[in-house]
Amino acid sequence: MSERPTDPEADEPPPSGPPAPRQRRWLRWTAVTASVLVLLVAGAGWVLYERLNGNITTDSDTAELLRKYEAERPTVLVKGAQNILLIGSDDRGGPNGRYGRDRGTQRSDTAIVLHLSRDRDRATAVSIPRDLMVPIPHCERPGGKRQRATFGQFNHAFEKAGAACTIRTVEQLTGVRIDHHMIVDFEGFKRLVNAVGGVQVCLAAPMRDAKARVDLPAGRQVLDGEQALGFVRARYTLGNGSDTQRIARQQAFMSSLVRKVQGSGVLLNPTKLYPVLDAATSALTTDPGLDSLRDLYNLVRGVRDIPSDKVDFLTVPRRAFRHDAARDELVQPDADRLFAQLREDRPVTPRRSTVEAADNAGGKNGTKADETDSAPGGTPPGAASPGPAPSARGLCEKRK
């Protein structure tokens with residue numbers, strides 16, 4: 001039996017060499033296409049980043065005015081802790097003119113001192129009623145005009161001399177150094193609510209307030225931006241008309257808004273996240289230390305892991321002003337105790353004063369306090385005890 005002749009080159013690999021012309025063209029076009037796609041994605045990302053950055057308005061005037069009064073400002077006691085003043089402006093200029101007459105001024109419809117602990121394991125949001133009677137220091141307005149020192153409603157500081165005067169009023173009232181500030185107006189608030197697809201609340205009774213432009217039925221419902229603005233602004237036709245009621249409602253709504261953002265996949269979905277970021281950045285006027293996406297991201301990154309039971313909403317201890325029941329004054333020593341805890345970055349453990357309890361039992365303006373005057377979550381109105389973070393959903397259980 002004869003053997004088949006073998007080819008000595010049959011088992012050797014084919015000789016390597018340059019790819020065929022068609023293969024070379026395919027590789028070249030693949031590389032070019034991939035490079036173009038990378039550049040397009042990077043370019044689009046950069047354009048979006050710059051757009052979001054450009055949305056934020058920098059309040060350089062306030063920073064400059066505060067530098068002039070540096071010697072009068074409190075010193076920082078705990079390095080690393082931060083205090084941010086959140087101001088809701090009721091500016092009636094431009095699109096906001098539908099909510100009232102534009103007199104060329106604006107007031108701080110909402111003012112909240114947000115304290116972040118040094119280790120970022122606690123956050124405390126303290127509301128200051130707009131009707132609180134306080135000493136307002138002499139202030140310089142943007143442009144050089146001066147406003148003399150006076151004793152008046154807290155929100156007059158913003159109306160007469162802007163954010164710098166409001167910050168100095170808060171600092172002299174509390175001894176707490178304000179590190180940053182943010183201002184949000186009506187239109188910005190509405191855009192943010194619409195961007196997240198609305199926020200759920202639950203009303204124990206219908207809410208109708210012509211001044212706030214709100215007409216809502218009782219029950220559970222999702223509010224769009226316009227409805228949400230009316231919900232947080234309504235005051236005079238609800239309960240006893242106190243600003244404390246409105247503060248409780250605002251705290252409840254903000255708690256629900258935060259839960260909506262956290263629980264609806266917004267933070268993990270770029271198509272949902274961008275509209276929210278666009279609305280949020282367009283709504284903000286900030287100091288130079290928070291006027292970029294990077295600054296805001298660093299702020300959010302530092303607080304995102306704070307447990308919900310370590311986030312407290314409360315209002316400064318207050319009672320009806322002795323000379324005018326339609327205004328407020330601080331309850332002492334409760335207020336000073338609260339301010340000291342914030343300054344020293346200690347957990348807030350304030351107590352409800354007996355004077356505060358008696359005042360709330362009678363209501364403001366000589367009317368009986370309404371049941372909804374308690375903050376959702378069990379916090380009595382104006383009391384310093386924070387209790388659980390309020391929930392707008394809890395309003396349904398008020399009148400069972």
# chains A, B, ... in the order shown; residues from 1 in each chain; ligands from 1
>>> select_by_dssp(residues="stretch 46-190 of chain A", states="strand (DSSP E)", output="ChimeraX atom specification")
/A:57-58,82-89,108-116,123-127,133-136,139-140,146-147,150-153,180-184
>>> residues_around(residues="stretch 255-262 of chain A", least_positions_apart="4", cutoff="10 Å", atoms="only C-alpha atoms", output="list in words")
Leu192, Val193, Val196, Gly197, Gly198, Val199, Gln200, Val201, Arg249, Gln250, Gln251, Val266, Leu267, Leu268, Lys272, Leu273, Val276, Arg304, Ser308, Val311, Phe313, Ala389, Pro390, Ser391, Ala392 and Arg393 of chain A
>>> closest_residue(among="A:Pro347, A:Gly144, A:Gly80, A:Pro129", to="A:Arg246", atoms="only C-alpha atoms")
A:Pro129
>>> closest_residue(among="A:Val232, A:Val170, A:Val303, A:Leu284", to="A:Pro74", atoms="only C-alpha atoms")
A:Val170
>>> select_by_dssp(residues="stretch 142-338 of chain A", states="alpha helix (DSSP H)", output="number ranges by chain")
A: 156-174, 186-195, 225-233, 243-263, 270-283, 293-303, 334-338
>>> closest_residue(among="A:Ile56, A:Met133, A:Val176, A:Leu48", to="A:Glu344", atoms="only C-alpha atoms")
A:Val176
>>> residues_around(residues="A:Asp59", least_positions_apart="5", cutoff="12 Å", atoms="only C-alpha atoms", output="PyMOL selection string")
chain A and resi 64-66+142+162-164+180-183+284-291
>>> write_last_selection(atoms="N, CA and C atoms", output="CSV table (one decimal), in the first residue's frame")
chain,number,residue,atom,x,y,z
A,64,GLU,N,-19.8,90.9,46.6
A,64,GLU,CA,-19.0,92.2,46.8
A,64,GLU,C,-19.5,92.9,48.0
A,65,LEU,N,-20.8,93.0,48.2
A,65,LEU,CA,-21.3,93.8,49.3
A,65,LEU,C,-21.0,93.1,50.7
A,66,LEU,N,-21.0,91.8,50.7
A,66,LEU,CA,-20.7,91.1,51.9
A,66,LEU,C,-19.2,91.3,52.3
A,142,PRO,N,-27.2,97.3,46.0
A,142,PRO,CA,-26.5,97.3,44.8
A,142,PRO,C,-26.6,98.7,44.1
A,162,GLY,N,-31.9,93.7,49.2
A,162,GLY,CA,-31.5,92.5,48.5
A,162,GLY,C,-30.9,91.4,49.3
A,163,ALA,N,-30.2,90.4,48.7
A,163,ALA,CA,-29.8,89.2,49.3
A,163,ALA,C,-28.7,89.5,50.4
A,164,ALA,N,-27.8,90.4,50.1
A,164,ALA,CA,-26.7,90.7,51.1
A,164,ALA,C,-27.3,91.2,52.4
A,180,HIS,N,-23.1,80.1,51.7
A,180,HIS,CA,-23.6,80.2,50.4
A,180,HIS,C,-25.1,80.6,50.4
A,181,HIS,N,-25.6,81.1,49.3
A,181,HIS,CA,-27.0,81.4,49.2
A,181,HIS,C,-27.5,81.0,47.8
A,182,MET,N,-28.8,80.7,47.7
A,182,MET,CA,-29.5,80.4,46.4
A,182,MET,C,-30.8,81.1,46.4
A,183,ILE,N,-31.2,81.7,45.3
A,183,ILE,CA,-32.4,82.4,45.1
A,183,ILE,C,-33.2,81.7,44.0
A,284,LEU,N,-31.9,79.0,39.3
A,284,LEU,CA,-31.0,79.4,40.4
A,284,LEU,C,-30.3,80.7,40.1
A,285,THR,N,-30.2,81.5,41.2
A,285,THR,CA,-29.3,82.6,41.3
A,285,THR,C,-28.4,82.3,42.5
A,286,THR,N,-27.1,82.2,42.3
A,286,THR,CA,-26.3,81.7,43.5
A,286,THR,C,-25.1,82.6,43.6
A,287,ASP,N,-24.4,82.5,44.7
A,287,ASP,CA,-23.1,83.2,45.0
A,287,ASP,C,-22.0,82.5,44.1
A,288,PRO,N,-20.9,83.2,43.9
A,288,PRO,CA,-19.9,82.6,43.0
A,288,PRO,C,-19.3,81.2,43.4
A,289,GLY,N,-19.6,80.9,44.7
A,289,GLY,CA,-19.1,79.6,45.1
A,289,GLY,C,-20.0,78.4,44.8
A,290,LEU,N,-21.1,78.7,44.2
A,290,LEU,CA,-22.1,77.6,43.8
A,290,LEU,C,-22.6,77.8,42.4
A,291,ASP,N,-21.9,78.5,41.6
A,291,ASP,CA,-22.4,78.9,40.3
A,291,ASP,C,-22.0,78.1,39.1
>>> atom_distance(atom1="atom CA of A:Met207", atom2="atom CA of A:Ala234")
8.5 Å
>>> residues_around(residues="A:Ala111", least_positions_apart="4", cutoff="8 Å", atoms="only C-alpha atoms", output="compact mmCIF listing (two decimals) with N, CA, C and O atoms, in the first residue's frame")
# COMPACT_ATOMS: atom_id res chain seq x y z
N LEU A 85 -28.24 79.59 52.73
CA LEU A 85 -29.51 80.29 52.84
C LEU A 85 -30.28 80.14 51.53
O LEU A 85 -29.81 80.56 50.47
N LEU A 86 -31.44 79.52 51.61
CA LEU A 86 -32.31 79.33 50.46
C LEU A 86 -33.40 80.39 50.50
O LEU A 86 -34.13 80.51 51.49
N ILE A 87 -33.51 81.18 49.44
CA ILE A 87 -34.45 82.29 49.39
C ILE A 87 -35.43 82.07 48.25
O ILE A 87 -35.02 81.90 47.10
N GLY A 88 -36.71 82.06 48.55
CA GLY A 88 -37.74 82.03 47.52
C GLY A 88 -38.21 83.44 47.28
O GLY A 88 -38.80 84.08 48.15
N SER A 127 -36.71 77.08 58.84
CA SER A 127 -37.46 78.14 58.17
C SER A 127 -37.56 79.37 59.06
O SER A 127 -37.76 79.26 60.27
N ILE A 128 -37.42 80.55 58.43
CA ILE A 128 -37.59 81.82 59.13
C ILE A 128 -38.84 82.48 58.57
O ILE A 128 -38.90 82.81 57.38
N PRO A 129 -39.88 82.68 59.39
CA PRO A 129 -41.12 83.29 58.88
C PRO A 129 -40.87 84.67 58.30
O PRO A 129 -40.10 85.46 58.86
N ARG A 130 -41.53 84.98 57.21
CA ARG A 130 -41.37 86.29 56.58
C ARG A 130 -41.87 87.41 57.47
O ARG A 130 -41.43 88.56 57.36
>>> closest_residue(among="A:Val348, A:Ile136, A:Ala218, A:Val184", to="A:Phe154", atoms="only C-alpha atoms")
A:Ile136
>>> atom_distance(atom1="atom CA of A:Asp305", atom2="atom CA of A:Gln221")
28.9 Å
